[in-house]
Amino acid sequence: MGDQFDVIEVGERGRRRSIGLVVVFVLLLVPIVGLIVSREPEPQPPPEAVLPAPSPIRSLTRMENDTPSNLTAPVTTKGGDEVIEVVFPHGVRAEVRYPARLGLADLGSRPFQGVWVGERYREFVAPYNGEIEITRGGEPLRSYAPNVTLWPRQAGSRSYGQVLLFEFGPWRLAMYDRGEGLTFDQRTALARALRGTVTKDGYLVLSAKTDIRLAEPGDTAEGDPAGPQLRFGGGVGPMLALVPTPDCRRQARQTTAISGRGRPADTVCRDGVLVAATGPHWFRRLAVEEIRITLK
């Protein structure tokens, strides 16, 4: 009996040993297979479909700039001088005589006019680079009148806010709001009240109704001349302003449009008109010494 039990015990141990070896073999085989599989390259995703390029945004492709920013006047000559006829924004005509080297006719002129809306002072300027300087090829925020649109605040405009852009024939006048800003009613009243007429020779003459008051020659606001002006040139080149100023020698003040450009500036009073110039020394010297103006 003892031998039988011994034989049976030996057989069970053999089977257990075989099962143990199989288990160990399986445990070793699984990670090896996993390692081999992990080394196979991952399947690549199918190539993305090539989509057509989106259509250009309309507001970024409107680049019209066919409006004048500076008016070039016809020139006549007298001796070695050039003579041009100009019209200030309040309708007064003048003859401007200057040395041909100044080239004022080639620089072109554009209007400036200060205005009071109630008790708030604002300025109207014709943008040097035309309406594209305001619109940037975009779309207006809203319209206040058929010829008046509202545009976003310009980048780098510091204390200035949104811009009202007025259309008078071929001319565009920009009013940069600032500070507290005009109310909706004030903007609407201004849009309805300001009128512009283009003369036969292309100059813009302004008028206003209701509570809107245009600054007159000799008026000042915030330390600057606020009345009607003509400005010649600009940008990176020389610039000159003609500012009708009664009793000029006593009331004349330099305009920051000239003195605030970071370059030397000179002024002189000629025949009831302030002449302010910035640019090269020769340009300033000829402007203050040689320009002659006859108001009509």
# chains A, B, ... in the order shown; residues from 1 in each chain; ligands from 1

call {"tool": "closest_atom_pairs", "arguments": {"of": "region 78-137 of chain A", "to": "region 171-185 of chain A", "cutoff": "10 Å", "atoms": "only C-alpha atoms", "output": "Markdown table"}}
result
| residue | atom | partner | partner_atom | distance |
| --- | --- | --- | --- | --- |
| A:Arg110 | CA | A:Trp171 | CA | 9.2 |
| A:Pro111 | CA | A:Leu173 | CA | 8.5 |
| A:Phe112 | CA | A:Leu173 | CA | 8.6 |
| A:Gln113 | CA | A:Leu173 | CA | 9.5 |
| A:Gly114 | CA | A:Met175 | CA | 9.6 |
| A:Val115 | CA | A:Met175 | CA | 9.8 |
| A:Val117 | CA | A:Leu182 | CA | 8.4 |
| A:Gly118 | CA | A:Leu182 | CA | 9.8 |
| A:Arg120 | CA | A:Leu182 | CA | 8.1 |
| A:Tyr121 | CA | A:Asp177 | CA | 9.6 |
| A:Arg122 | CA | A:Met175 | CA | 6.9 |
| A:Glu123 | CA | A:Met175 | CA | 5.8 |
| A:Phe124 | CA | A:Met175 | CA | 4.9 |
| A:Val125 | CA | A:Leu173 | CA | 5.4 |
| A:Ala126 | CA | A:Leu173 | CA | 4.6 |
| A:Pro127 | CA | A:Ala174 | CA | 6.7 |
| A:Gly130 | CA | A:Arg172 | CA | 7.2 |
| A:Glu131 | CA | A:Arg172 | CA | 6.3 |
| A:Glu133 | CA | A:Ala174 | CA | 9.8 |
| A:Ile134 | CA | A:Ala174 | CA | 7.9 |

call {"tool": "select_by_dssp", "arguments": {"residues": "region 32-280 of chain A", "states": "strand (DSSP E)", "output": "PyMOL selection string"}}
result
chain A and resi 76-78+81-87+93-99+109-117+120-125+142-145+148-151+160-168+171-178+195-198+204-207+212-214+220-221+224-225+229-233+239-244+265-270+273-278

call {"tool": "closest_residue", "arguments": {"among": "A:Val75, A:Ala155, A:Ala257, A:Val163", "to": "Pro225 (chain A)", "atoms": "only C-alpha atoms"}}
result
A:Ala257

call {"tool": "select_by_dssp", "arguments": {"residues": "region 226-286 of chain A", "states": "helix (DSSP H, G or I)", "output": "list in words"}}
result
Cys248, Arg249, Arg250, Gln251, Thr256, Ala257, Ile258, Ser259, His281, Trp282, Phe283, Arg284, Arg285 and Leu286 of chain A

call {"tool": "atom_distance", "arguments": {"atom1": "CA of Pro217 (chain A)", "atom2": "CA of Ala73 (chain A)"}}
result
22.7 Å

call {"tool": "closest_atom_pairs", "arguments": {"of": "region 178-238 of chain A", "to": "region 91-105 of chain A", "cutoff": "9 Å", "atoms": "only C-alpha atoms", "output": "JSON lines"}}
result
{"residue": "A:Tyr203", "atom": "CA", "partner": "A:Gly91", "partner_atom": "CA", "distance": 9.0}
{"residue": "A:Leu204", "atom": "CA", "partner": "A:Gly91", "partner_atom": "CA", "distance": 8.2}
{"residue": "A:Val205", "atom": "CA", "partner": "A:Gly91", "partner_atom": "CA", "distance": 5.4}
{"residue": "A:Leu206", "atom": "CA", "partner": "A:Gly91", "partner_atom": "CA", "distance": 7.6}
{"residue": "A:Phe232", "atom": "CA", "partner": "A:Leu104", "partner_atom": "CA", "distance": 6.6}
{"residue": "A:Gly233", "atom": "CA", "partner": "A:Leu104", "partner_atom": "CA", "distance": 7.8}

call {"tool": "residues_around", "arguments": {"residues": "Asp266 (chain A)", "least_positions_apart": "4", "cutoff": "12 Å", "atoms": "only C-alpha atoms", "output": "list in words"}}
result
Pro238, Met239, Leu240, Ala241, Arg253, Gln254, Thr255, Thr256, Ile258, Ser259, Gly260, Leu274, Val275, Ala276, Ala277, Thr278, Gly279, Pro280, His281, Trp282, Phe283, Arg284, Arg285, Leu286, Ala287, Val288 and Glu289 of chain A

call {"tool": "residues_around", "arguments": {"residues": "Arg192 (chain A)", "least_positions_apart": "3", "cutoff": "7 Å", "atoms": "only C-alpha atoms", "output": "MDAnalysis selection string"}}
result
chainID A and resid 145 188:189

call {"tool": "atom_distance", "arguments": {"atom1": "CA of Thr220 (chain A)", "atom2": "CA of Arg250 (chain A)"}}
result
13.1 Å

call {"tool": "closest_residue", "arguments": {"among": "A:Ala226, A:Val148, A:Leu242, A:Ala252", "to": "Ala193 (chain A)", "atoms": "only C-alpha atoms"}}
result
A:Val148

call {"tool": "atom_distance", "arguments": {"atom1": "CA of Glu85 (chain A)", "atom2": "CA of Ser109 (chain A)"}}
result
11.3 Å
